[in-house]
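Participant: Once you've had a glance at the structure underneath, I'll fire off some questions.
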Amino acid sequence: MATMTPVELIGKAAILQKGWLRAHKWLLIRRFSQLSILGLFLLGPVYGLWILKGNLNASLLVDVVPLTDPYILLQSVVSGHLTETTAILGALIVLALYLLIGGRMYCSWVCPINIVTDASMWLRNKLNIKSSFSLSRQARYWILAMTLLSAMVTGSLVWEAVNPVSMVNRGLVFGLGFGWMIVLMIFLLDTFVSRRAWCGHLCPVGAFYSLLGKFSLLRVNAVALERCDSCMECYAVCPEQKVITPVLKKAGRIDSVIKDINCTNCGRCIDICSTDVFRFDLRFNNMESIRLTENNSHKPFNKQPQKREVLS
Amino acid sequence: MNTPAAQQLARQSRRRFLADIARSASAVGILGLGLGLYSRQSRSLPATAIRPPGAGDEIDFQSACIRCGLCVRDCPYDTLKLAQPGENIPLGTPWFEARSIPCEMCEDIPCVTACPTGALNPELTHIDDARMGLAVLIDQENCIAFQGLRCEVCYNVCPVRGKAISLTPQHNERTGKHAFFIPVVHSEACTGCGKCEAACVVEKATIKILPIHLAQGEMGSFYRLGWEEKKKAGGSLVTKDLQHEYNLPEGQSYDYEGQGLKMDDANESSPFGNNAADALNRGFR
């Protein structure tokens, strides 16, 4: 059994085993997703092709389907505005989608800031930066509560004045102004101050979307735990490390599916694993319960017909 | 497990738990207070930043607008833009600058139809009812109409022509024989579209769109305009003047049409003549 992979060798084994392309499959698809969403927003203003109009806060898909960020709509509502049906319908559509695929897929498949913080993480590993300053992973929920409370108290969408997620998306589509400053702030924070500080600890947008992941169908499943050689590379690349632990317990594992609401379904663990322990799956396909039923089926009842066969 | 040591341990962990909560709450609270302060500063817009039609009260607008930019996208004249970081306007909210690109007052008001939240009031269906701001002829010294020139550009470009801006002739005392044609803005018709400001021919516009709360004063509720009240009441509200009655000696009367005091026996010959004043002035002769 292999031991923990040193930082500088992370990802090498997977590339050797599976080839570079397969070892970056989900990362590439994810980048494609993030960039094409941005691209769809830009097709209109640049080429006059209006597939997606607006920005991540609210948009119109092919001039018909309204899409609204439920989080910003919630802020608007608690700040005292009775909103219109178009916005509500748009929010319901987005809610339904993320309830199905997992709320935090917004973070790793849509959000433009993810590219920045992933770059930070890459640089941290390259330069072997270790910062001791640690933040609570619960901080984001406090901040989420604060954004809603401040909207309620001030009657204005206060968080939107500084929200890097919408600022960067809107900036790239409508004009960035000094918005690059906040990108740099987050990059510096994540690179030098604290590991995965923004997306993994502070961002209230991610916190909000995590709450939609409670029942999502699409999940990462550690289907082949027996192949795990404890190299720990999945931990090293996972943006939300804690979510993997329960499914990689060698003894006493009860669920093979990563059900933590903060798993972003980014698929890096699937890519990085040289022995293919993980795959995308439905949340019901728990290998443990399957194994249990298989074990049971081998024991008292199903063995009897076999005996009978022998006897006959 | 009810030994004193265990109780001590439980107390300690409870204390740590509460301390952790207090710390998180305070840190986030500080952040929230900072944000609140910041948002208060951006409550009032710069005077040249005009909101799209139907935006209404600024405080309501800031809670209703979700900064999506759909109004900007549907504006056919690229009038509207979204506030960018560093522009001193609430980030991501739509605005325009009348002097650069004014509102063309589209009849179908596409920006309002595009708004998903009703931040731009969908009840605004007639663009002439829009009140984005109010035109103010802010600098009479540099408005060439006040120099006696026939300019009238603001009057002529106004989409509610003749109603929002009218021309009032005034005597030009300098030449003695010419008239000034003074543009006068009427708030009951001005939509604040900004076409007058954009078209103003001088170097820096002398007529400008200002937010209504800056442009308009208020008279005070106790003022009554007599002529308006009279119109409303359908007649004079004060009692009619009674004709003054003179108590004159016999043989004299008072003519109200202009002749004044009259002697009724003026035609009869008398030693004193027919002028009452002659009798009074007799001693001075």
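Identifiers in the structure tokens: chain A, B, ... in order shown; residue index from 1 per chain; ligand index from 1 in order shown.
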Any chance you could tabulate, as a tab-separated table, the residues of chain B at most 10 Å from chain A with each one's nearest atom pair and distance in Å to one decimal, using only C-alpha atoms, in chain and rising number order?

Facilitator:
residue	atom	partner	partner_atom	distance
B:Asp20	CA	A:Ser136	CA	9.8
B:Ile21	CA	A:Trp142	CA	9.7
B:Ser24	CA	A:Ala139	CA	6.8
B:Ala25	CA	A:Trp142	CA	6.9
B:Ser26	CA	A:Trp142	CA	10.0
B:Ala27	CA	A:Ala139	CA	9.2
B:Val28	CA	A:Ile143	CA	5.9
B:Gly29	CA	A:Met146	CA	7.1
B:Ile30	CA	A:Met146	CA	9.9
B:Leu31	CA	A:Met146	CA	8.4
B:Gly32	CA	A:Met146	CA	6.1
B:Leu33	CA	A:Ser150	CA	8.2
B:Leu35	CA	A:Val158	CA	6.4
B:Gly36	CA	A:Ser150	CA	6.7
B:Leu37	CA	A:Val158	CA	9.5
B:Tyr38	CA	A:Val158	CA	8.2
B:Ser39	CA	A:Val158	CA	5.9
B:Arg40	CA	A:Thr154	CA	8.0
B:Ser42	CA	A:Ala161	CA	9.4
B:Arg43	CA	A:Ser156	CA	8.9
B:Glu58	CA	A:Ser156	CA	10.0
B:Ile59	CA	A:Ser156	CA	7.2
B:Asp60	CA	A:His81	CA	7.4
B:Phe61	CA	A:Ser156	CA	8.4
B:Gln62	CA	A:Ser156	CA	5.2
B:Ser63	CA	A:Ser156	CA	4.3
B:Ala64	CA	A:His81	CA	5.3
B:Cys65	CA	A:Ser76	CA	7.5
B:Ile66	CA	A:Ile72	CA	6.6
B:Arg67	CA	A:Asn57	CA	6.7
B:Cys68	CA	A:Ala58	CA	5.0
B:Gly69	CA	A:Gly54	CA	5.4
B:Leu70	CA	A:Gly54	CA	5.0
B:Cys71	CA	A:Gly54	CA	8.6
B:Val72	CA	A:Gly54	CA	8.6
B:Arg73	CA	A:Gly54	CA	7.0
B:Asp74	CA	A:Lys53	CA	9.3
B:Lys81	CA	A:Phe174	CA	8.0
B:Leu82	CA	A:Phe174	CA	7.0
B:Ala83	CA	A:Gly177	CA	8.8
B:Gln84	CA	A:Gly177	CA	5.2
B:Pro85	CA	A:Phe178	CA	5.0
B:Gly86	CA	A:Phe178	CA	5.8
B:Glu87	CA	A:Gly177	CA	8.1
B:Ile89	CA	A:Ala161	CA	9.6
B:Pro90	CA	A:Ala161	CA	6.5
B:Leu91	CA	A:Ala161	CA	5.3
B:Gly92	CA	A:Arg170	CA	7.5
B:Thr93	CA	A:Glu160	CA	9.9
B:Ala114	CA	A:Leu60	CA	9.3
B:Cys115	CA	A:Thr86	CA	8.5
B:Pro116	CA	A:Ala87	CA	4.9
B:Thr117	CA	A:Glu84	CA	4.7
B:Gly118	CA	A:Glu84	CA	5.6
B:Ala119	CA	A:Thr83	CA	8.0
B:Asn121	CA	A:Glu84	CA	9.9
B:Pro122	CA	A:Glu84	CA	9.2

Participant: Determine which residues of region 50-209 of chain B receive a DSSP assignment of alpha helix (DSSP H), computed from the backbone, and state them as number ranges by chain.

Facilitator: B: 58-64, 70-74, 110-114, 153-157, 195-199

Participant: Using only C-alpha atoms, which residues sit within 8 Å of Glu97 (chain B) once same-chain residues fewer than 4 positions away are excluded, as a ChimeraX atom specification?

Facilitator: /B:48-50,79,101-102

Participant: Output the selection as a CSV table (one decimal), in the first residue's frame - C-alpha atoms for each residue.

Facilitator:
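That gives us again_34.csv:
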chain,number,residue,atom,x,y,z
B,48,THR,CA,-25.7,64.0,-13.0
B,49,ALA,CA,-26.6,60.3,-12.7
B,50,ILE,CA,-30.2,59.8,-13.9
B,79,THR,CA,-28.4,55.3,-23.1
B,101,ILE,CA,-26.8,60.1,-24.3
B,102,PRO,CA,-30.2,61.2,-23.2

Participant: Rank A:Leu28, A:Ala236, A:Ile258, A:Ile290 by their smallest atom-to-atom distance to Leu9 (chain A), using only C-alpha atoms, and report the top residue only.

Facilitator: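 Using only C-alpha atoms, Leu9 (chain A) sits closest to A:Ala236.
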
Participant: Need to verify the contact set: region 133-146 of chain B, 8 Å, only C-alpha atoms, exclusion of same-chain residues closer than 5 positions in sequence. Can you return it as a list in words?

Facilitator: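 Neighbouring residues, sequence-local ones excluded: Ile50, Cys151, Glu152, Phe180, Phe181, Ile182, Pro183, Val184, Val185, Ser187, Cys190, Thr191, Gly192, Cys193, Gly194, Cys196, Glu197, Val202, Thr206, Ile207, Lys208, Ile209, Leu210, Pro211, Ile212, Ala215 and Gln216 of chain B.
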
Participant: What does the distance from CA of Ala197 (chain A) to CA of Tyr71 (chain A) come to in Å, to one decimal?

Facilitator: 20.8 Å

Participant: Report the distance between CA of Ala164 (chain B) and CA of Phe222 (chain B) in Å, rounded to one decimal place.

Facilitator: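 Those two atoms sit 26.9 Å apart.
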
Participant: Could you check how far CA of His24 (chain A) sits from CA of Val277 (chain A), in Å to one decimal?

Facilitator: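 Between CA of His24 (chain A) and CA of Val277 (chain A) the gap is 15.3 Å.
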